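Student: Coordinates in target15.tsv, TSV, C-alpha atoms, are listed below.
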chain	number	residue	atom	x	y	z
T	258	MET	CA	28.05	17.27	-5.58
T	259	PHE	CA	27.38	14.70	-8.31
T	260	TRP	CA	29.02	11.91	-6.32
T	261	GLU	CA	27.26	12.98	-3.12
T	262	ASN	CA	23.86	12.74	-4.85
T	263	ARG	CA	24.71	9.34	-6.31
T	264	MET	CA	25.79	8.04	-2.89
T	265	ARG	CA	22.66	9.51	-1.25
T	266	ASN	CA	20.46	7.88	-3.90
T	267	LYS	CA	22.17	4.52	-3.41
T	268	LEU	CA	21.70	4.76	0.35
T	269	ILE	CA	18.00	5.59	-0.11
T	270	ILE	CA	17.52	2.59	-2.40
T	271	ILE	CA	19.34	0.29	0.03
T	272	ALA	CA	17.37	1.63	3.03
T	273	VAL	CA	14.02	1.25	1.27
T	274	THR	CA	14.94	-2.26	0.12
T	275	LEU	CA	15.92	-3.24	3.66
T	276	ALA	CA	12.64	-1.78	4.94
T	277	CYS	CA	10.72	-3.91	2.43
T	278	LEU	CA	12.60	-7.02	3.55
T	279	ILE	CA	11.98	-6.24	7.23
T	280	MET	CA	8.28	-5.60	6.64
T	281	GLY	CA	8.03	-8.78	4.59
T	282	TYR	CA	9.71	-10.75	7.34
T	283	SER	CA	7.39	-9.22	9.94
T	284	SER	CA	4.36	-10.31	7.92
T	285	SER	CA	5.71	-13.86	7.93
T	286	LEU	CA	5.49	-13.85	11.73
T	287	PHE	CA	1.69	-13.85	11.39
T	288	GLN	CA	1.98	-17.16	9.52
T	289	VAL	CA	4.05	-19.24	11.92
T	290	GLU	CA	1.31	-20.88	13.97
T	291	SER	CA	-1.06	-21.43	11.05
T	292	LEU	CA	1.70	-23.02	8.99
T	293	LEU	CA	1.90	-25.68	11.70
T	294	THR	CA	-1.69	-26.11	12.79
T	295	TRP	CA	-4.01	-25.05	9.95
T	296	TYR	CA	-2.44	-24.68	6.50
T	297	PRO	CA	-1.04	-28.25	6.21
T	298	TYR	CA	-4.55	-29.69	6.55
T	299	LEU	CA	-6.15	-27.61	3.79
T	300	ASP	CA	-7.04	-29.01	0.39
T	301	LYS	CA	-4.53	-27.11	-1.77
T	302	ALA	CA	-4.35	-26.44	-5.50
T	303	PRO	CA	-2.52	-28.98	-7.66
T	304	LEU	CA	0.06	-26.35	-8.63
T	305	THR	CA	0.92	-25.42	-5.03
T	306	PRO	CA	4.71	-25.16	-4.79
T	307	PRO	CA	6.66	-26.72	-1.92
T	308	ASN	CA	6.75	-24.57	1.21
T	309	ILE	CA	10.45	-23.72	0.72
T	310	ALA	CA	9.61	-21.86	-2.51
T	311	PHE	CA	7.65	-19.15	-0.71
T	312	PRO	CA	10.38	-17.52	1.41
T	313	ILE	CA	12.83	-17.68	-1.49
T	314	ALA	CA	10.38	-16.09	-3.92
T	315	TRP	CA	9.26	-13.44	-1.45
T	316	THR	CA	12.83	-12.46	-0.56
T	317	ILE	CA	13.63	-11.86	-4.22
T	318	LEU	CA	10.35	-10.01	-4.77
T	319	TYR	CA	10.80	-7.74	-1.74
T	320	ILE	CA	14.28	-6.81	-2.98
T	321	MET	CA	12.86	-5.97	-6.42
T	322	MET	CA	10.01	-4.00	-4.83
T	323	GLY	CA	12.43	-2.00	-2.69
T	324	ILE	CA	14.65	-1.16	-5.64
T	325	SER	CA	11.60	-0.22	-7.71
T	326	VAL	CA	10.22	2.29	-5.23
T	327	GLY	CA	13.69	3.42	-4.17
T	328	LEU	CA	14.46	4.45	-7.74
T	329	ILE	CA	11.21	6.40	-7.84
T	330	MET	CA	11.95	8.09	-4.52
T	331	THR	CA	15.31	9.32	-5.81
T	332	SER	CA	13.85	10.86	-8.97
T	333	ASN	CA	12.74	14.44	-9.47
T	334	SER	CA	9.64	13.55	-11.47
T	335	PRO	CA	6.40	15.06	-10.16
T	336	LYS	CA	4.81	11.68	-10.95
T	337	ARG	CA	6.86	10.08	-8.15
T	338	PHE	CA	4.42	11.13	-5.46
T	339	ILE	CA	1.45	9.25	-6.94
T	340	CYS	CA	3.62	6.18	-7.57
T	341	ILE	CA	4.89	6.20	-3.98
T	342	LYS	CA	1.33	6.49	-2.65
T	343	ILE	CA	0.22	3.54	-4.78
T	344	PHE	CA	3.26	1.58	-3.64
T	345	ILE	CA	2.43	2.19	0.02
T	346	ALA	CA	-1.21	1.20	-0.49
T	347	GLN	CA	-0.31	-2.04	-2.27
T	348	PHE	CA	2.32	-2.81	0.37
T	349	VAL	CA	-0.25	-2.42	3.14
T	350	LEU	CA	-2.55	-4.85	1.31
T	351	ASN	CA	0.38	-7.21	0.86
T	352	LEU	CA	0.99	-7.23	4.62
T	353	LEU	CA	-2.72	-7.50	5.45
T	354	TRP	CA	-3.03	-10.63	3.33
T	355	SER	CA	-0.91	-12.63	5.79
T	356	ILE	CA	-3.05	-11.39	8.64
T	357	PHE	CA	-6.34	-12.23	6.92
T	358	PHE	CA	-5.33	-15.54	5.37
T	359	PHE	CA	-3.02	-17.05	7.97
T	360	TYR	CA	-3.52	-15.26	11.28
T	361	ALA	CA	-7.32	-14.96	11.01
T	362	GLN	CA	-7.46	-18.19	8.95
T	363	ASN	CA	-9.96	-16.47	6.70
T	364	PRO	CA	-9.43	-17.37	3.01
T	365	LEU	CA	-12.39	-15.17	1.97
T	366	MET	CA	-10.89	-12.01	3.48
T	367	GLY	CA	-7.51	-13.04	2.08
T	368	PHE	CA	-9.06	-13.46	-1.35
T	369	ILE	CA	-10.77	-10.05	-1.25
T	370	ASP	CA	-7.49	-8.51	-0.10
T	371	ILE	CA	-5.42	-10.18	-2.81
T	372	LEU	CA	-7.86	-9.14	-5.55
T	373	LEU	CA	-7.44	-5.53	-4.41
T	374	LEU	CA	-3.68	-6.09	-4.25
T	375	ASP	CA	-3.69	-7.40	-7.84
T	376	LEU	CA	-5.51	-4.26	-8.93
T	377	LEU	CA	-3.17	-1.87	-7.11
T	378	VAL	CA	-0.07	-3.60	-8.46
T	379	ILE	CA	-1.44	-3.30	-12.00
T	380	ILE	CA	-2.17	0.39	-11.35
T	381	TYR	CA	1.37	0.86	-10.01
T	382	ILE	CA	2.86	-0.78	-13.10
T	383	VAL	CA	0.73	1.35	-15.43
T	384	GLU	CA	1.51	4.59	-13.56
T	385	CYS	CA	5.24	3.80	-13.52
T	386	ALA	CA	5.44	2.56	-17.11
T	387	LYS	CA	6.30	5.83	-18.80
T	388	PRO	CA	8.24	7.90	-16.25
T	389	PHE	CA	9.89	4.97	-14.43
T	390	LYS	CA	10.23	2.15	-16.95
T	391	PHE	CA	12.79	0.12	-14.99
T	392	SER	CA	10.72	0.40	-11.78
T	393	CYS	CA	7.75	-0.85	-13.77
T	394	TYR	CA	9.72	-3.85	-15.06
T	395	LEU	CA	10.85	-4.73	-11.53
T	396	PHE	CA	7.19	-5.15	-10.54
T	397	ILE	CA	6.21	-7.58	-13.29
T	398	PRO	CA	7.53	-10.72	-11.50
T	399	TYR	CA	5.69	-9.56	-8.38
T	400	LEU	CA	2.45	-9.20	-10.35
T	401	LEU	CA	2.87	-12.69	-11.81
T	402	TRP	CA	3.56	-14.14	-8.35
T	403	ILE	CA	0.53	-12.53	-6.71
T	404	LEU	CA	-1.71	-13.57	-9.61
T	405	PHE	CA	-0.49	-17.11	-8.95
T	406	ALA	CA	-1.12	-16.56	-5.22
T	407	THR	CA	-4.63	-15.39	-6.11
T	408	TYR	CA	-5.22	-18.72	-7.82
T	409	LEU	CA	-3.85	-20.61	-4.78
T	410	ASN	CA	-5.98	-18.56	-2.37
T	411	GLY	CA	-9.07	-18.94	-4.56
T	412	TYR	CA	-8.62	-22.71	-4.74
T	413	ILE	CA	-8.40	-22.94	-0.96
T	414	LEU	CA	-11.45	-20.71	-0.60
T	415	LEU	CA	-13.52	-22.89	-2.93
T	416	ASN	CA	-12.32	-26.28	-1.69
T	417	ASN	CA	-12.19	-25.96	2.09
Let me see the structure of the file written as structure tokens.
Tutor:
Amino acid sequence: MFWENRMRNKLIIIAVTLACLIMGYSSSLFQVESLLTWYPYLDKAPLTPPNIAFPIAWTILYIMMGISVGLIMTSNSPKRFICIKIFIAQFVLNLLWSIFFFYAQNPLMGFIDILLLDLLVIIYIVECAKPFKFSCYLFIPYLLWILFATYLNGYILLNN
């Protein structure tokens, strides 16, 4: 029984992580045309990383996000339900950002979305901090990255 539960938990974590990667990849499909026809011509922030940095960073972050919520999903804590709901809400905002910013080419809507995303990720980290410490830690690089993305989005909003 013990080994069966451990294997089930591992499979849940792997499945959730794969789902995060697939959803992240699907959001990148909204960017393809704009990355060729719109984004290169914007006045970008001085700290804008090279384009290759984005898929590498996001792949790592989606893996960490999947493990974070997967660990929560496999727990018996009653707090898991609120953390999962917050995770889903922040993930929806994460996906919507690509649609607003790249597909709609609307930095203002992207900026509003990412500010809400920042807030929800902070709430997720705070809610997870006590019952799910490791899940909380897995989200800190994600928070730092989206705060940096907020700066990049804000710069584009103000300078284009």
Student: Could you pull the residues within 9 Å of Ile371 in chain T, counting only C-alpha atoms, minus those fewer than 4 positions along the same chain, as an mmCIF file with C-alpha atoms, keeping the file's coordinate frame?
Tutor:
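Saved as out.cif:
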data_model
loop_
_atom_site.group_PDB
_atom_site.id
_atom_site.type_symbol
_atom_site.label_atom_id
_atom_site.label_comp_id
_atom_site.auth_asym_id
_atom_site.auth_seq_id
_atom_site.Cartn_x
_atom_site.Cartn_y
_atom_site.Cartn_z
ATOM 1 C CA LEU T 350 -2.550 -4.850 1.310
ATOM 2 C CA ASN T 351 0.380 -7.210 0.860
ATOM 3 C CA TRP T 354 -3.030 -10.630 3.330
ATOM 4 C CA MET T 366 -10.890 -12.010 3.480
ATOM 5 C CA GLY T 367 -7.510 -13.040 2.080
ATOM 6 C CA ASP T 375 -3.690 -7.400 -7.840
ATOM 7 C CA LEU T 376 -5.510 -4.260 -8.930
ATOM 8 C CA ILE T 403 0.530 -12.530 -6.710
ATOM 9 C CA LEU T 404 -1.710 -13.570 -9.610
ATOM 10 C CA ALA T 406 -1.120 -16.560 -5.220
ATOM 11 C CA THR T 407 -4.630 -15.390 -6.110
ATOM 12 C CA ASN T 410 -5.980 -18.560 -2.370
#
Student: Taking into account all atoms listed in the file, which residue in the set T:Asn363, T:Ser392, T:Ser332, T:Ser355 is nearest to Asn262 in chain T?
Tutor: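 Between T:Asn363, T:Ser392, T:Ser332, T:Ser355, the residue approaching Asn262 in chain T most closely is T:Ser332.
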Student: For range 292-298 of chain T, work out the shell of residues within 8 Å, counting all atoms listed in the file and skipping chain neighbours fewer than 4 positions away, then give it as a list in words.
Tutor: Gln288, Phe359 and Gln362 of chain T
Student: How many Å separate CA of Ile320 in chain T from CA of Thr274 in chain T?
Tutor: 5.5 Å
Student: Just give me the residues with any atom within 10 Å of (6.5, 2.3, -15.1), file coordinates, counting only C-alpha atoms, written as a JSON list (two decimals) with C-alpha atoms, in the frame of the given file.
Tutor:
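part24.json written:
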[["chain", "number", "residue", "atom", "x", "y", "z"],
["T", 325, "SER", "CA", 11.60, -0.22, -7.71],
["T", 329, "ILE", "CA", 11.21, 6.40, -7.84],
["T", 340, "CYS", "CA", 3.62, 6.18, -7.57],
["T", 380, "ILE", "CA", -2.17, 0.39, -11.35],
["T", 381, "TYR", "CA", 1.37, 0.86, -10.01],
["T", 382, "ILE", "CA", 2.86, -0.78, -13.10],
["T", 383, "VAL", "CA", 0.73, 1.35, -15.43],
["T", 384, "GLU", "CA", 1.51, 4.59, -13.56],
["T", 385, "CYS", "CA", 5.24, 3.80, -13.52],
["T", 386, "ALA", "CA", 5.44, 2.56, -17.11],
["T", 387, "LYS", "CA", 6.30, 5.83, -18.80],
["T", 388, "PRO", "CA", 8.24, 7.90, -16.25],
["T", 389, "PHE", "CA", 9.89, 4.97, -14.43],
["T", 390, "LYS", "CA", 10.23, 2.15, -16.95],
["T", 391, "PHE", "CA", 12.79, 0.12, -14.99],
["T", 392, "SER", "CA", 10.72, 0.40, -11.78],
["T", 393, "CYS", "CA", 7.75, -0.85, -13.77],
["T", 394, "TYR", "CA", 9.72, -3.85, -15.06],
["T", 395, "LEU", "CA", 10.85, -4.73, -11.53],
["T", 396, "PHE", "CA", 7.19, -5.15, -10.54]]
Student: Determine, counting all atoms listed in the file, which protein, DNA and RNA residues have an atom within 8 Å of an atom of range 266-269 of chain T; residues of the same chain fewer than 6 positions away are not included. Present the result as a CSV table (one decimal) with C-alpha atoms, in the coordinates of the input.
Tutor:
chain,number,residue,atom,x,y,z
T,327,GLY,CA,13.7,3.4,-4.2
T,328,LEU,CA,14.5,4.4,-7.7
T,330,MET,CA,12.0,8.1,-4.5
T,331,THR,CA,15.3,9.3,-5.8
Student: Within 9 Å of range 301-318 of chain T, counting all atoms listed in the file, which residues show up once you throw out same-chain ones fewer than 4 positions away? Write them as JSON, numbers by chain, please.
Tutor: {"T": [278, 281, 282, 285, 296, 297, 322, 323, 395, 396, 398, 399, 402, 408, 409, 410, 411, 412, 413, 416, 417]}
Student: What's the separation between CA of Glu261 in chain T and CA of Lys336 in chain T, in Å to one decimal place?
Tutor: 23.8 Å
Student: Report, in Å with one decimal, the straight-line distance from CA of Arg337 in chain T to CA of Ile369 in chain T.
Tutor: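 Between these atoms lies a distance of 27.6 Å.
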Student: Could you check the closest approach to Ala361 in chain T for each of T:Ser334, T:Phe348, T:Phe287, T:Leu401 and tell me which residue wins, using only C-alpha atoms?
Tutor: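 Using only C-alpha atoms, Ala361 in chain T sits closest to T:Phe287.
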Student: Kindly complete range 277-304 of chain T to N, CA and C atoms; the output should be written as a PDB file, in the frame of the given file.
Tutor:
ATOM      1  N   CYS T 277      11.640  -2.949   3.059  1.00  0.00           N
ATOM      2  CA  CYS T 277      10.720  -3.910   2.430  1.00  0.00           C
ATOM      3  C   CYS T 277      10.986  -5.326   2.947  1.00  0.00           C
ATOM      4  N   LEU T 278      12.252  -5.694   3.040  1.00  0.00           N
ATOM      5  CA  LEU T 278      12.600  -7.020   3.550  1.00  0.00           C
ATOM      6  C   LEU T 278      12.171  -7.195   5.004  1.00  0.00           C
ATOM      7  N   ILE T 279      12.375  -6.171   5.816  1.00  0.00           N
ATOM      8  CA  ILE T 279      11.980  -6.240   7.230  1.00  0.00           C
ATOM      9  C   ILE T 279      10.462  -6.344   7.355  1.00  0.00           C
ATOM     10  N   MET T 280       9.742  -5.536   6.590  1.00  0.00           N
ATOM     11  CA  MET T 280       8.280  -5.600   6.640  1.00  0.00           C
ATOM     12  C   MET T 280       7.782  -6.950   6.134  1.00  0.00           C
ATOM     13  N   GLY T 281       8.398  -7.462   5.090  1.00  0.00           N
ATOM     14  CA  GLY T 281       8.030  -8.780   4.590  1.00  0.00           C
ATOM     15  C   GLY T 281       8.279  -9.861   5.618  1.00  0.00           C
ATOM     16  N   TYR T 282       9.412  -9.783   6.292  1.00  0.00           N
ATOM     17  CA  TYR T 282       9.710 -10.750   7.340  1.00  0.00           C
ATOM     18  C   TYR T 282       8.692 -10.630   8.478  1.00  0.00           C
ATOM     19  N   SER T 283       8.355  -9.402   8.837  1.00  0.00           N
ATOM     20  CA  SER T 283       7.390  -9.220   9.940  1.00  0.00           C
ATOM     21  C   SER T 283       6.030  -9.808   9.578  1.00  0.00           C
ATOM     22  N   SER T 284       5.647  -9.716   8.297  1.00  0.00           N
ATOM     23  CA  SER T 284       4.360 -10.310   7.920  1.00  0.00           C
ATOM     24  C   SER T 284       4.413 -11.827   8.013  1.00  0.00           C
ATOM     25  N   SER T 285       5.600 -12.404   7.829  1.00  0.00           N
ATOM     26  CA  SER T 285       5.710 -13.860   7.930  1.00  0.00           C
ATOM     27  C   SER T 285       5.492 -14.342   9.365  1.00  0.00           C
ATOM     28  N   LEU T 286       5.695 -13.467  10.330  1.00  0.00           N
ATOM     29  CA  LEU T 286       5.490 -13.850  11.730  1.00  0.00           C
ATOM     30  C   LEU T 286       4.015 -14.155  12.008  1.00  0.00           C
ATOM     31  N   PHE T 287       3.109 -13.568  11.224  1.00  0.00           N
ATOM     32  CA  PHE T 287       1.690 -13.850  11.390  1.00  0.00           C
ATOM     33  C   PHE T 287       1.328 -15.247  10.865  1.00  0.00           C
ATOM     34  N   GLN T 288       2.244 -15.875  10.147  1.00  0.00           N
ATOM     35  CA  GLN T 288       1.980 -17.160   9.520  1.00  0.00           C
ATOM     36  C   GLN T 288       2.440 -18.356  10.338  1.00  0.00           C
ATOM     37  N   VAL T 289       3.343 -18.149  11.262  1.00  0.00           N
ATOM     38  CA  VAL T 289       4.050 -19.240  11.920  1.00  0.00           C
ATOM     39  C   VAL T 289       3.112 -20.306  12.489  1.00  0.00           C
ATOM     40  N   GLU T 290       2.187 -19.900  13.322  1.00  0.00           N
ATOM     41  CA  GLU T 290       1.310 -20.880  13.970  1.00  0.00           C
ATOM     42  C   GLU T 290       0.415 -21.588  12.957  1.00  0.00           C
ATOM     43  N   SER T 291      -0.165 -20.828  12.041  1.00  0.00           N
ATOM     44  CA  SER T 291      -1.060 -21.430  11.050  1.00  0.00           C
ATOM     45  C   SER T 291      -0.342 -22.381  10.111  1.00  0.00           C
ATOM     46  N   LEU T 292       0.928 -22.114   9.856  1.00  0.00           N
ATOM     47  CA  LEU T 292       1.700 -23.020   8.990  1.00  0.00           C
ATOM     48  C   LEU T 292       1.891 -24.378   9.651  1.00  0.00           C
ATOM     49  N   LEU T 293       1.766 -24.417  10.966  1.00  0.00           N
ATOM     50  CA  LEU T 293       1.900 -25.680  11.700  1.00  0.00           C
ATOM     51  C   LEU T 293       0.556 -26.342  11.982  1.00  0.00           C
ATOM     52  N   THR T 294      -0.450 -25.542  12.271  1.00  0.00           N
ATOM     53  CA  THR T 294      -1.690 -26.110  12.790  1.00  0.00           C
ATOM     54  C   THR T 294      -2.882 -26.059  11.847  1.00  0.00           C
ATOM     55  N   TRP T 295      -2.834 -25.250  10.806  1.00  0.00           N
ATOM     56  CA  TRP T 295      -4.010 -25.050   9.950  1.00  0.00           C
ATOM     57  C   TRP T 295      -3.709 -25.325   8.485  1.00  0.00           C
ATOM     58  N   TYR T 296      -2.746 -24.618   7.938  1.00  0.00           N
ATOM     59  CA  TYR T 296      -2.440 -24.680   6.500  1.00  0.00           C
ATOM     60  C   TYR T 296      -2.126 -26.097   6.001  1.00  0.00           C
ATOM     61  N   PRO T 297      -1.362 -26.907   6.737  1.00  0.00           N
ATOM     62  CA  PRO T 297      -1.040 -28.250   6.210  1.00  0.00           C
ATOM     63  C   PRO T 297      -2.266 -29.128   5.973  1.00  0.00           C
ATOM     64  N   TYR T 298      -3.360 -28.829   6.631  1.00  0.00           N
ATOM     65  CA  TYR T 298      -4.550 -29.690   6.550  1.00  0.00           C
ATOM     66  C   TYR T 298      -5.565 -29.197   5.522  1.00  0.00           C
ATOM     67  N   LEU T 299      -5.246 -28.120   4.816  1.00  0.00           N
ATOM     68  CA  LEU T 299      -6.150 -27.610   3.790  1.00  0.00           C
ATOM     69  C   LEU T 299      -6.003 -28.401   2.498  1.00  0.00           C
ATOM     70  N   ASP T 300      -7.078 -28.461   1.743  1.00  0.00           N
ATOM     71  CA  ASP T 300      -7.040 -29.010   0.390  1.00  0.00           C
ATOM     72  C   ASP T 300      -6.456 -27.903  -0.498  1.00  0.00           C
ATOM     73  N   LYS T 301      -5.234 -28.142  -1.008  1.00  0.00           N
ATOM     74  CA  LYS T 301      -4.530 -27.110  -1.770  1.00  0.00           C
ATOM     75  C   LYS T 301      -4.557 -27.403  -3.263  1.00  0.00           C
ATOM     76  N   ALA T 302      -4.341 -26.356  -4.040  1.00  0.00           N
ATOM     77  CA  ALA T 302      -4.350 -26.440  -5.500  1.00  0.00           C
ATOM     78  C   ALA T 302      -3.264 -27.405  -5.990  1.00  0.00           C
ATOM     79  N   PRO T 303      -3.517 -28.050  -7.114  1.00  0.00           N
ATOM     80  CA  PRO T 303      -2.520 -28.980  -7.660  1.00  0.00           C
ATOM     81  C   PRO T 303      -1.176 -28.311  -7.979  1.00  0.00           C
ATOM     82  N   LEU T 304      -1.182 -27.038  -8.278  1.00  0.00           N
ATOM     83  CA  LEU T 304       0.060 -26.350  -8.630  1.00  0.00           C
ATOM     84  C   LEU T 304       0.755 -25.690  -7.434  1.00  0.00           C
TER      85      LEU T 304
END
